[in-house]
Amino acid sequence: MIRTPLRYHRPRTPDEASALLVEHRGDVAVLGGGTQLLPQMNRDQVHVGHLVDLRGLGLRRIEVTDDQVVVEALVTYADVLLSRDLSRAAPHLRRVAHGVTGGRQIRNTGTLAGSACFAMPGSDMPAALVGIDAILRLHGPDGAREVRAADFYVDAFTTVLRPGEFVLAITIPRTAARTGYCKVKHSSGSWPIATATARRLDGSATVTLGSVHATPLHVDVSDLASNGPVDRAALADRVRSALPAPWTDVLAPGDYRARIAGVVAARAFSELEGVPA
Amino acid sequence: MTQSPPRPRPRDDGEATTPPPFAVTPEVDGDTAVDREPAPGRLHPLRRDGDLLLTGRAEFLDDIALPGLLHAAVLRSPHAHARVLRVDATAARQARGVRAVLAPEDADAQAAPLPAFFEPSIVGGKTSTFRILAGTKVTYVGEAVAAVAAETLADAEAALELIEVEYEVLPAVVDAEDALAPGAPLVFGEWGDNLLAVFPFAEGDAAAAVAAAPHRLSGELHTQRHHTAPMETRGYIASWDRAGRLTFWGSTQNPHPLRTNLSTVLGLPEDRIRVIATRLGGGFGHKFNGYAEEPLVCLLARAAGGPVKWVETRADALLVGAREFSHRFTVGYDDTGRILGIQDRVVGNIGALGSWGGWSMTFPAGMTFPGPYKVADYDIQSHAVVTNKAPWNGARGYGKETACLALERMVDLIAAERGLDPADVRRVNFIPEDEFPFWTAAKHLDSGNYAGALDKVLALSDYRGLRARQERARAGGRLFGIGLAFELTPEGGDFAGSFVRGYDTSTVRVYPSGAVTVLTGVTSPGTGNETSIAHLVASELGIPSEQVSVVQGDTDTCPYGFGNFTSRSLATGGAAAVLAAREIRDRMSGAAAALLDCAADDLRFADGNVTCVTVPTSSLSFAEVAETVYRRGLAAPGLDQPLLEVTRVDLPHNFHHVPDEQGRFSAYPSYPYSAHVAVVEVDAETGVVDLFEFHAVDDCGNVVSPRFVEGQLYGAISMGIGGALWEHQPYTTDGQPVATQFKHYLTPRAGDLPAIRLDSQHTPSPFTLLGTKGAGESGVGGGLAACVNAVNDALAPLGATAHHLPLNPPNVLAAIDAATNPGGAR
């Protein structure tokens, strides 16, 4: 049960939301879908006196234009799965959303932006966003700013969000890039143990690994793909050397994640390149 | 609890359908794929309250809302092992909404020590004294130290933070082998060691037989700590009336023994306590009685002057341990794979002993050997070792699953070493069908056709086809594994000296309207045995099932009974209800004979009527006979037995408590068995196991409700699969439990399980009234062992063995690495 007195706020404008976040700095949390925050409050793992619910701001739109996809902060996984426009414009996002652990209740309530901000290593969204060059549109006391997903993550459960700032939307550039994806987990109830988003675009080749490190691990392997497919042995070496401190949680030790990171990366490329691992 | 009253089922023809005396399942019932018209009289009884359950309207403990209900929270030890120096609850008493606070000294002043569910000293084990709140020493993280009742749960939890406890932390021991080592920290200082008990089960001379065998092999197996994870956690509500009478609602499997315990602990006459077992969302042994929170809510309610509810959190539920066993075994065998001798040192890490009963699972863990196999010489030593983990409570499988796992691994290892088919090795070792009843050291096996069940599962799974598919897959470099398992599941145990008994009691009562009520001492964990009991009684009386209500779990209403455990309900309470119904029928026959002027032997009870078979027009409805007995009994000729209420006791007639001249005894009366085939593919690069087929054939004797038996098998097999592949409560080396939520403790979800295909065989027990055997646990051991065997079969081309469970990806990859890269880094 939530043990402490709690004040619920539902601001009408982004400025109002930022003002509340500044006013109650250190004693406030942003409520998105609440699938992480509320159980943690019930378990007495998060103690705040104020909740700022973003529902009053709308923020439920998915907007697809010629050059980008905009996913607003309160868009749920289910919204993504139901949007035909988004499926065409950002199929990778749909694919990742489909594999999110937790079943229908979580997909109906949990938000992509909420997961992005929670910055939990054992989750799907942070590395997926980094892997497709997503940009987070933030709103703060000094107005709006944009941060690349690759620059958003500081440490496990820590982002560059400043006091008073929150995510308004996620934008994804509509490039011609195709992606390959691989995810390993124990069972359908399991957090991801390792994910990889492989991407090739204009001669570059990158892989973004999730859940193997405190923050998404973006590895440039363009030099390994000069003549066709990415060299698998070199890829495994590159991934291994990029991963000095693998993430450990209750489900899997770091050495296991380090052991399979190269495999997961190779499989993501195999899917992308149509070449067996 | 009181089941909802029977509701008449609308009928097209306006006539009642009468089931047969009992529905011995025809073979066709086992085939779930066949969409069949139920034959007349072979209807599976409709699940009682199924509509309420499916629409979310069934009432569970947490739905009970008494006026002025207060909420309890429990302060638990953060240390695995510590002396409690001081508990100061002064500040908590002043906190918002708080109505009562209990420190250890408060509880000690008002309550006696907790009675053990299973007192170890009855079987020669060590023991200790357990209090509601630990005031001198804590022996595990999570042991209750203080408690609060407040107007809201939030206030109660907040007040816990104001209770100051001073601990002197002591060294903790969490590994069983460490606990047995000299100089280990002692969980109970007065014991001198950490060994609760050793249970030996032996026949012949195992050491000599193994030494003389043409071949022998040795191995180790380790099962992780995992438990049953019921969907509904435990919960209790206590309410005192102004006259000092206590009403207690509990999500419990044993309402009557719980009442006896409350009487003992609270010093209150037993007849001043009413315990009501609520509808359960799963029991599995997790809800055996004997927990400190049971009397604790009573003390809090008395101190607060209002009813108090406590509901177990998921983190608290995950503390309750089970199934952490290790085996070190040697087995000797001949060229054909025939087992000549088995030695197994079984060690159960039972956590700290408490008042909970789970430590006793180390007994069937040894007793179940040598399973379905005929082995003249074996020596099983089962050790119960205490550590500073939370105690065990009962867990479906009850230690029998670990015996199954060990035996079935031995058989597969023998087959692999000899180059034999694992099915053939099982076949040469089975106890032959014509040798039943069959004695082992501690079992009198009732009946069995083991080869028949094995053949049936091989056919069901197209075993030959599977082996051909495996050959092709292996040729392609894939790790394709097929795992067989044959599980013997002792059921219905009777432990004289405890309240875990092998008999039970039922009352059948007929009202003037013809309505029938069964009051029984057996309870349901949610499996539907009330439906089956109603069906049985209705069959005896020739009336529709809907005319029979079943009341369970209310100690004010029901005869004293032992509740729900060891798959006992039908062979005890169900059989007792049948006997009572037969006596009722005899009494009503006497009356009807006089009323119809017909010989009692010529009366037929069917279709809601009592009919004279010699003069078919001479008939009365069942209700007319009942009403006439009430209105004219002792006043009309022949109506000389007006009491239409009978109470009977029954049990499976296969207990052998007094050892025979060879020292053999049998505390379990009923021996269902099941045969299993699991098919997996292992990803060699990640260790991920994909379980994609599962087949099982079950034989639990005669079956009353085939759908319920299937439901039990689906659940038990899933539980076994979960234990084989994922479920784990890890502890840190200093004794902190790591899994606190279902994101940490991975139970299988629907998407993780293949479509489990079932078939059945029916070999009646000659010792139970209806020929039934227990049907609630078969599948846990089979699911576990078949999966472990399948993974090991898949890894065989790599020369790897995976004997450290769970076989989750990290552990499987470690097993692969150990074989393919010995001494390599990892």
# chains A, B, ... in the order shown; residues from 1 in each chain; ligands from 1
$ interface_residues --of "chain B" --to "chain A" --cutoff "9 Å" --atoms "only C-alpha atoms" --output "compact mmCIF listing (two decimals) with N, CA and C atoms, in the first residue's frame"
# COMPACT_ATOMS: atom_id res chain seq x y z
N LEU B 153 -4.45 -0.39 5.62
CA LEU B 153 -3.21 -1.15 5.46
C LEU B 153 -2.02 -0.20 5.33
N ALA B 154 -2.24 0.92 4.67
CA ALA B 154 -1.15 1.89 4.52
C ALA B 154 -0.69 2.38 5.88
N ASP B 155 -1.64 2.68 6.76
CA ASP B 155 -1.27 3.14 8.11
C ASP B 155 -0.54 2.04 8.87
N ALA B 156 -1.01 0.81 8.71
CA ALA B 156 -0.36 -0.30 9.42
C ALA B 156 1.08 -0.47 8.94
N GLU B 157 1.25 -0.41 7.62
CA GLU B 157 2.61 -0.58 7.08
C GLU B 157 3.50 0.59 7.48
N ALA B 158 2.93 1.79 7.47
CA ALA B 158 3.73 2.96 7.85
C ALA B 158 4.18 2.85 9.31
N GLU B 685 23.78 -22.11 -28.62
CA GLU B 685 24.53 -20.87 -28.45
C GLU B 685 24.03 -20.02 -27.29
N THR B 686 22.77 -20.20 -26.90
CA THR B 686 22.21 -19.38 -25.82
C THR B 686 21.75 -20.20 -24.62
N VAL B 688 18.90 -21.63 -24.46
CA VAL B 688 17.44 -21.54 -24.35
C VAL B 688 16.83 -22.89 -24.72
N VAL B 689 15.91 -23.35 -23.85
CA VAL B 689 15.21 -24.62 -24.08
C VAL B 689 13.82 -24.31 -24.63
N LEU B 725 12.44 -25.83 -15.54
CA LEU B 725 13.03 -24.85 -16.46
C LEU B 725 13.24 -23.45 -15.87
N TRP B 726 12.39 -23.00 -14.95
CA TRP B 726 12.48 -21.58 -14.61
C TRP B 726 12.38 -21.22 -13.13
N PRO B 730 16.26 -17.65 -5.45
CA PRO B 730 17.68 -17.65 -5.06
C PRO B 730 17.87 -16.92 -3.73
N VAL B 738 16.04 -13.43 -2.86
CA VAL B 738 16.20 -12.46 -3.95
C VAL B 738 14.91 -12.23 -4.72
N ALA B 739 14.12 -13.26 -4.91
CA ALA B 739 12.88 -13.12 -5.70
C ALA B 739 11.77 -12.60 -4.81
N PHE B 742 6.67 -11.67 -9.17
CA PHE B 742 6.59 -12.61 -10.27
C PHE B 742 7.47 -12.22 -11.45
N LYS B 743 8.07 -11.05 -11.42
CA LYS B 743 9.06 -10.72 -12.45
C LYS B 743 10.40 -11.38 -12.12
N HIS B 744 10.56 -11.79 -10.86
CA HIS B 744 11.80 -12.44 -10.45
C HIS B 744 11.63 -13.96 -10.42
N TYR B 745 10.43 -14.36 -10.01
CA TYR B 745 10.12 -15.78 -9.86
C TYR B 745 9.27 -16.16 -11.05
N LEU B 746 9.86 -16.85 -12.01
CA LEU B 746 9.20 -17.05 -13.30
C LEU B 746 8.41 -18.35 -13.33
N THR B 747 7.09 -18.22 -13.18
CA THR B 747 6.22 -19.37 -13.37
C THR B 747 5.85 -19.44 -14.85
N PRO B 748 5.59 -20.64 -15.35
CA PRO B 748 5.22 -20.72 -16.76
C PRO B 748 3.89 -20.02 -17.03
N ARG B 749 3.83 -19.34 -18.15
CA ARG B 749 2.56 -18.79 -18.62
C ARG B 749 2.09 -19.65 -19.79
N ALA B 750 0.86 -19.38 -20.22
CA ALA B 750 0.28 -20.25 -21.25
C ALA B 750 1.21 -20.35 -22.46
N GLY B 751 1.80 -19.23 -22.85
CA GLY B 751 2.64 -19.22 -24.04
C GLY B 751 3.93 -20.01 -23.89
N ASP B 752 4.29 -20.36 -22.66
CA ASP B 752 5.52 -21.13 -22.44
C ASP B 752 5.28 -22.63 -22.51
N ASN B 808 17.42 -23.27 -16.85
CA ASN B 808 17.21 -22.00 -17.54
C ASN B 808 18.42 -21.73 -18.42
N PRO B 809 18.36 -20.75 -19.29
CA PRO B 809 19.46 -20.58 -20.25
C PRO B 809 20.85 -20.46 -19.61
N PRO B 810 21.04 -19.68 -18.54
CA PRO B 810 22.40 -19.63 -17.99
C PRO B 810 22.90 -20.99 -17.51
N LEU B 813 23.60 -23.32 -20.59
CA LEU B 813 24.82 -22.92 -21.29
C LEU B 813 26.06 -23.28 -20.47
N ALA B 814 25.95 -23.15 -19.15
CA ALA B 814 27.07 -23.55 -18.29
C ALA B 814 27.35 -25.04 -18.43
N ARG B 826 34.30 -19.17 -17.54
CA ARG B 826 32.89 -18.87 -17.30
C ARG B 826 32.56 -19.08 -15.86
$ select_by_dssp --residues "stretch 521-625 of chain B" --states "helix (DSSP H, G or I)" --output "PyMOL selection string"
chain B and resi 529-541+545-547+570-596+600-602+622-625
$ residues_around --residues "stretch 632-644 of chain B" --least-positions-apart "4" --cutoff "7 Å" --atoms "only C-alpha atoms" --output "list in words"
Arg509, Val510, Ile584, Arg587, Gly590, Ala591, Ala594 and Thr628 of chain B
$ atom_distance --atom1 "atom CA of B:Glu487" --atom2 "atom CA of B:Val709"
16.0 Å
$ select_by_dssp --residues "stretch 477-597 of chain B" --states "strand (DSSP E)" --output "ChimeraX atom specification"
/B:479-488,495-496,499-500,504-510,516-520,548-552
$ residues_around --residues "stretch 167-171 of chain A" --least-positions-apart "4" --cutoff "10 Å" --atoms "only C-alpha atoms" --output "compact mmCIF listing (two decimals) with C-alpha atoms, in the first residue's frame"
# COMPACT_ATOMS: atom_id res chain seq x y z
CA PRO A 14 3.25 21.48 -20.45
CA VAL A 30 5.57 11.73 -13.48
CA LEU A 54 0.18 13.78 -17.94
CA LEU A 57 -2.08 17.17 -21.77
CA LEU A 59 -0.33 13.25 -25.68
CA ARG A 60 -1.99 10.16 -27.07
CA ARG A 61 -1.34 10.80 -30.78
CA ILE A 62 0.73 8.86 -33.26
CA GLU A 63 1.63 11.14 -36.17
CA VAL A 64 3.24 9.82 -39.33
CA GLN A 68 9.29 11.08 -39.32
CA VAL A 69 7.02 9.28 -36.90
CA VAL A 70 5.95 11.07 -33.74
CA VAL A 71 4.81 8.95 -30.80
CA GLU A 72 3.45 11.12 -28.01
CA ALA A 73 4.20 10.42 -24.37
CA LEU A 74 0.99 8.59 -23.45
CA VAL A 75 0.88 6.29 -26.46
CA LEU A 112 6.69 3.65 -24.71
CA ALA A 113 7.84 6.97 -23.30
CA GLY A 114 7.35 5.73 -19.74
CA ALA A 116 12.11 5.00 -22.11
CA CYS A 117 12.25 7.24 -19.03
CA LEU A 129 14.95 3.58 -29.45
CA ASP A 133 18.04 6.83 -33.92
CA ALA A 134 14.99 8.01 -32.03
CA ILE A 135 14.90 11.51 -30.60
CA LEU A 136 13.19 12.40 -27.35
CA ARG A 137 11.34 15.69 -27.32
CA LEU A 138 11.50 17.06 -23.78
CA HIS A 139 9.65 19.86 -22.10
CA GLY A 140 11.16 21.72 -19.17
CA ALA A 144 11.42 22.39 -25.17
CA ARG A 145 14.60 20.65 -26.21
CA GLU A 146 15.47 17.51 -28.10
CA VAL A 147 17.86 14.78 -27.04
CA ARG A 148 18.98 11.81 -29.11
CA ALA A 149 18.04 8.53 -27.46
CA LEU A 161 16.20 14.55 -17.63
$ residues_around --residues "stretch 200-211 of chain B" --least-positions-apart "4" --cutoff "8 Å" --atoms "only C-alpha atoms" --output "compact mmCIF listing (two decimals) with N, CA and C atoms, in the first residue's frame"
# COMPACT_ATOMS: atom_id res chain seq x y z
N ARG B 216 28.16 -50.04 -13.08
CA ARG B 216 27.64 -49.09 -12.09
C ARG B 216 27.98 -47.68 -12.57
N THR B 330 24.58 -43.82 -6.50
CA THR B 330 25.29 -44.83 -7.26
C THR B 330 24.28 -45.93 -7.58
N VAL B 331 24.31 -46.40 -8.80
CA VAL B 331 23.36 -47.43 -9.19
C VAL B 331 24.12 -48.53 -9.93
N GLY B 332 23.82 -49.79 -9.59
CA GLY B 332 24.43 -50.93 -10.26
C GLY B 332 23.41 -51.63 -11.14
N TYR B 333 23.83 -52.16 -12.29
CA TYR B 333 22.88 -52.73 -13.25
C TYR B 333 23.58 -53.73 -14.14
N LEU B 340 20.21 -53.41 -10.24
CA LEU B 340 20.52 -54.41 -9.23
C LEU B 340 20.67 -53.79 -7.85
N GLY B 341 21.01 -52.53 -7.80
CA GLY B 341 21.14 -51.88 -6.50
C GLY B 341 21.19 -50.37 -6.65
N ILE B 342 20.59 -49.66 -5.68
CA ILE B 342 20.62 -48.19 -5.69
C ILE B 342 21.06 -47.71 -4.31
N GLN B 343 21.99 -46.77 -4.34
CA GLN B 343 22.33 -46.03 -3.12
C GLN B 343 22.12 -44.56 -3.42
N GLY B 366 12.39 -39.98 0.31
CA GLY B 366 13.10 -41.25 0.37
C GLY B 366 12.16 -42.43 0.21
N MET B 367 10.98 -42.31 0.84
CA MET B 367 10.02 -43.41 0.85
C MET B 367 9.59 -43.84 -0.54
N PHE B 369 11.17 -44.17 -3.22
CA PHE B 369 12.08 -45.12 -3.87
C PHE B 369 11.63 -46.55 -3.62
N ALA B 376 15.66 -55.19 -5.62
CA ALA B 376 15.76 -55.96 -4.37
C ALA B 376 16.63 -55.25 -3.35
N ASP B 377 17.65 -54.57 -3.83
CA ASP B 377 18.63 -54.00 -2.90
C ASP B 377 18.75 -52.50 -3.11
N TYR B 378 18.35 -51.75 -2.12
CA TYR B 378 18.51 -50.29 -2.22
C TYR B 378 18.68 -49.71 -0.83
N ASP B 379 19.32 -48.58 -0.78
CA ASP B 379 19.58 -47.91 0.49
C ASP B 379 19.47 -46.41 0.26
N ILE B 380 18.38 -45.84 0.69
CA ILE B 380 18.13 -44.42 0.50
C ILE B 380 18.18 -43.76 1.87
N GLN B 381 19.01 -42.77 2.01
CA GLN B 381 19.11 -42.03 3.27
C GLN B 381 18.68 -40.61 3.00
N SER B 382 17.52 -40.24 3.53
CA SER B 382 17.01 -38.89 3.26
C SER B 382 17.24 -37.99 4.48
N THR B 440 7.33 -52.70 -0.65
CA THR B 440 8.71 -52.21 -0.55
C THR B 440 8.93 -51.87 0.91
N ALA B 441 10.05 -51.22 1.22
CA ALA B 441 10.38 -50.97 2.62
C ALA B 441 9.28 -50.19 3.33
N ALA B 442 8.68 -49.23 2.65
CA ALA B 442 7.72 -48.37 3.33
C ALA B 442 6.51 -48.08 2.46
$ residues_around --residues "B:Phe495" --least-positions-apart "4" --cutoff "7 Å" --atoms "only C-alpha atoms" --output "ChimeraX atom specification"
/B:500-501,667
$ write_last_selection --atoms "all heavy atoms" --output "CSV table (one decimal), in the first residue's frame"
chain,number,residue,atom,x,y,z
B,500,VAL,N,-2.6,-34.9,10.5
B,500,VAL,CA,-2.5,-35.2,9.1
B,500,VAL,C,-2.9,-36.7,9.0
B,500,VAL,O,-2.1,-37.6,9.2
B,500,VAL,CB,-1.1,-35.0,8.6
B,500,VAL,CG1,-1.0,-35.3,7.1
B,500,VAL,CG2,-0.6,-33.6,8.8
B,501,ARG,N,-4.2,-36.9,8.9
B,501,ARG,CA,-4.8,-38.2,9.0
B,501,ARG,C,-5.3,-38.8,7.7
B,501,ARG,O,-5.6,-38.0,6.8
B,501,ARG,CB,-5.8,-38.2,10.1
B,501,ARG,CG,-5.3,-37.9,11.5
B,501,ARG,CD,-4.2,-38.7,12.0
B,501,ARG,NE,-4.3,-40.2,11.8
B,501,ARG,CZ,-5.0,-41.0,12.6
B,501,ARG,NH1,-5.6,-40.5,13.7
B,501,ARG,NH2,-5.1,-42.3,12.3
B,667,ALA,N,2.5,-45.9,5.2
B,667,ALA,CA,1.7,-44.8,5.7
B,667,ALA,C,0.9,-44.2,4.5
B,667,ALA,O,0.0,-43.3,4.8
B,667,ALA,CB,2.6,-43.7,6.3
$ atom_distance --atom1 "atom CA of B:Ala147" --atom2 "atom CA of B:Ala73"
5.8 Å
$ closest_residue --among "A:His218, A:Arg232, A:Lys183, A:Arg7" --to "A:Gly122" --atoms "only C-alpha atoms"
A:Lys183
$ residues_around --residues "stretch 126-134 of chain B" --least-positions-apart "5" --cutoff "8 Å" --atoms "only C-alpha atoms" --output "ChimeraX atom specification"
/B:84,103-104,107-108,111-115,119-121,143-146,188,191,195-197,292-293,295-296,353-355
$ write_last_selection --atoms "N, CA, C and O atoms" --output "short mmCIF file (atom, residue, chain, number, x, y, z; two decimals), in the first residue's frame"
data_model
loop_
_atom_site.label_atom_id
_atom_site.label_comp_id
_atom_site.auth_asym_id
_atom_site.auth_seq_id
_atom_site.Cartn_x
_atom_site.Cartn_y
_atom_site.Cartn_z
N VAL B 84 17.61 -11.13 18.97
CA VAL B 84 16.75 -9.96 19.12
C VAL B 84 17.02 -9.40 20.51
O VAL B 84 16.74 -10.05 21.52
N ALA B 103 4.28 -6.53 20.33
CA ALA B 103 5.70 -6.89 20.36
C ALA B 103 5.78 -8.33 20.87
O ALA B 103 4.78 -8.86 21.39
N PRO B 104 6.95 -8.97 20.77
CA PRO B 104 7.03 -10.37 21.20
C PRO B 104 6.54 -10.59 22.63
O PRO B 104 5.84 -11.57 22.89
N ALA B 107 2.74 -10.79 22.78
CA ALA B 107 2.20 -12.05 22.25
C ALA B 107 2.48 -13.20 23.21
O ALA B 107 1.61 -14.03 23.47
N ASP B 108 3.71 -13.22 23.78
CA ASP B 108 4.06 -14.30 24.70
C ASP B 108 3.14 -14.31 25.92
O ASP B 108 2.78 -15.38 26.44
N ALA B 111 -0.32 -15.84 24.70
CA ALA B 111 -0.45 -17.01 23.85
C ALA B 111 0.61 -18.04 24.15
O ALA B 111 1.75 -17.70 24.49
N ALA B 112 0.24 -19.30 24.01
CA ALA B 112 1.17 -20.42 24.16
C ALA B 112 1.99 -20.57 22.89
O ALA B 112 1.66 -19.99 21.85
N PRO B 113 3.06 -21.36 22.94
CA PRO B 113 3.84 -21.60 21.72
C PRO B 113 2.97 -22.23 20.62
O PRO B 113 1.93 -22.81 20.89
N LEU B 114 3.46 -22.09 19.40
CA LEU B 114 2.71 -22.60 18.24
C LEU B 114 2.84 -24.12 18.14
O LEU B 114 3.96 -24.64 18.17
N PRO B 115 1.73 -24.84 18.02
CA PRO B 115 1.84 -26.28 17.76
C PRO B 115 2.38 -26.50 16.35
O PRO B 115 2.09 -25.73 15.44
N GLU B 119 4.87 -32.54 14.07
CA GLU B 119 5.88 -32.42 15.12
C GLU B 119 7.02 -33.40 14.81
O GLU B 119 6.81 -34.62 14.79
N PRO B 120 8.24 -32.87 14.56
CA PRO B 120 9.33 -33.77 14.14
C PRO B 120 9.67 -34.84 15.19
O PRO B 120 10.12 -35.93 14.84
N SER B 121 9.45 -34.51 16.46
CA SER B 121 9.84 -35.48 17.49
C SER B 121 8.99 -36.75 17.42
O SER B 121 9.39 -37.79 17.91
N GLU B 143 11.08 -13.76 9.31
CA GLU B 143 10.44 -14.23 10.55
C GLU B 143 9.74 -13.07 11.24
O GLU B 143 10.28 -11.97 11.34
N ALA B 144 8.54 -13.31 11.71
CA ALA B 144 7.72 -12.23 12.29
C ALA B 144 8.28 -11.80 13.65
O ALA B 144 8.57 -12.65 14.50
N VAL B 145 8.41 -10.48 13.82
CA VAL B 145 8.96 -9.94 15.06
C VAL B 145 7.95 -9.04 15.78
O VAL B 145 7.93 -8.97 17.01
N ALA B 146 7.12 -8.34 15.04
CA ALA B 146 6.12 -7.46 15.65
C ALA B 146 4.98 -7.29 14.64
O ALA B 146 5.13 -7.64 13.46
N PHE B 188 19.86 -23.86 15.41
CA PHE B 188 19.32 -24.05 16.76
C PHE B 188 20.48 -24.50 17.64
O PHE B 188 20.93 -25.65 17.54
N TRP B 191 20.87 -27.90 19.48
CA TRP B 191 20.92 -29.18 18.77
C TRP B 191 22.33 -29.74 18.68
O TRP B 191 22.52 -30.94 18.54
N LEU B 195 21.28 -31.03 11.70
CA LEU B 195 20.58 -32.15 11.10
C LEU B 195 19.30 -32.43 11.89
O LEU B 195 19.35 -32.88 13.04
N LEU B 196 18.16 -32.16 11.24
CA LEU B 196 16.88 -32.39 11.93
C LEU B 196 16.62 -33.88 12.08
O LEU B 196 16.21 -34.35 13.14
N ALA B 197 16.82 -34.62 10.98
CA ALA B 197 16.52 -36.05 11.01
C ALA B 197 17.11 -36.70 9.78
O ALA B 197 17.35 -36.04 8.77
N ALA B 292 2.22 -18.55 12.03
CA ALA B 292 2.11 -17.60 13.14
C ALA B 292 1.01 -16.56 12.91
O ALA B 292 0.39 -16.08 13.86
N GLU B 293 0.77 -16.21 11.64
CA GLU B 293 -0.22 -15.17 11.37
C GLU B 293 -1.63 -15.60 11.76
O GLU B 293 -2.52 -14.75 11.90
N PRO B 295 -2.87 -17.23 14.71
CA PRO B 295 -3.23 -16.65 16.02
C PRO B 295 -2.92 -15.15 16.10
O PRO B 295 -3.57 -14.43 16.88
N LEU B 296 -1.96 -14.70 15.30
CA LEU B 296 -1.58 -13.28 15.37
C LEU B 296 -2.77 -12.36 15.07
O LEU B 296 -3.01 -11.38 15.79
N LEU B 353 13.71 -24.64 10.73
CA LEU B 353 12.48 -25.30 11.16
C LEU B 353 11.54 -24.23 11.74
O LEU B 353 11.99 -23.27 12.37
N GLY B 354 10.26 -24.39 11.51
CA GLY B 354 9.26 -23.54 12.14
C GLY B 354 8.08 -24.40 12.51
O GLY B 354 8.21 -25.63 12.56
N SER B 355 6.94 -23.79 12.72
CA SER B 355 5.75 -24.59 13.02
C SER B 355 5.11 -25.12 11.74
O SER B 355 4.19 -25.91 11.80
#
$ atom_distance --atom1 "atom CA of B:Asp690" --atom2 "atom CA of B:Leu488"
26.3 Å
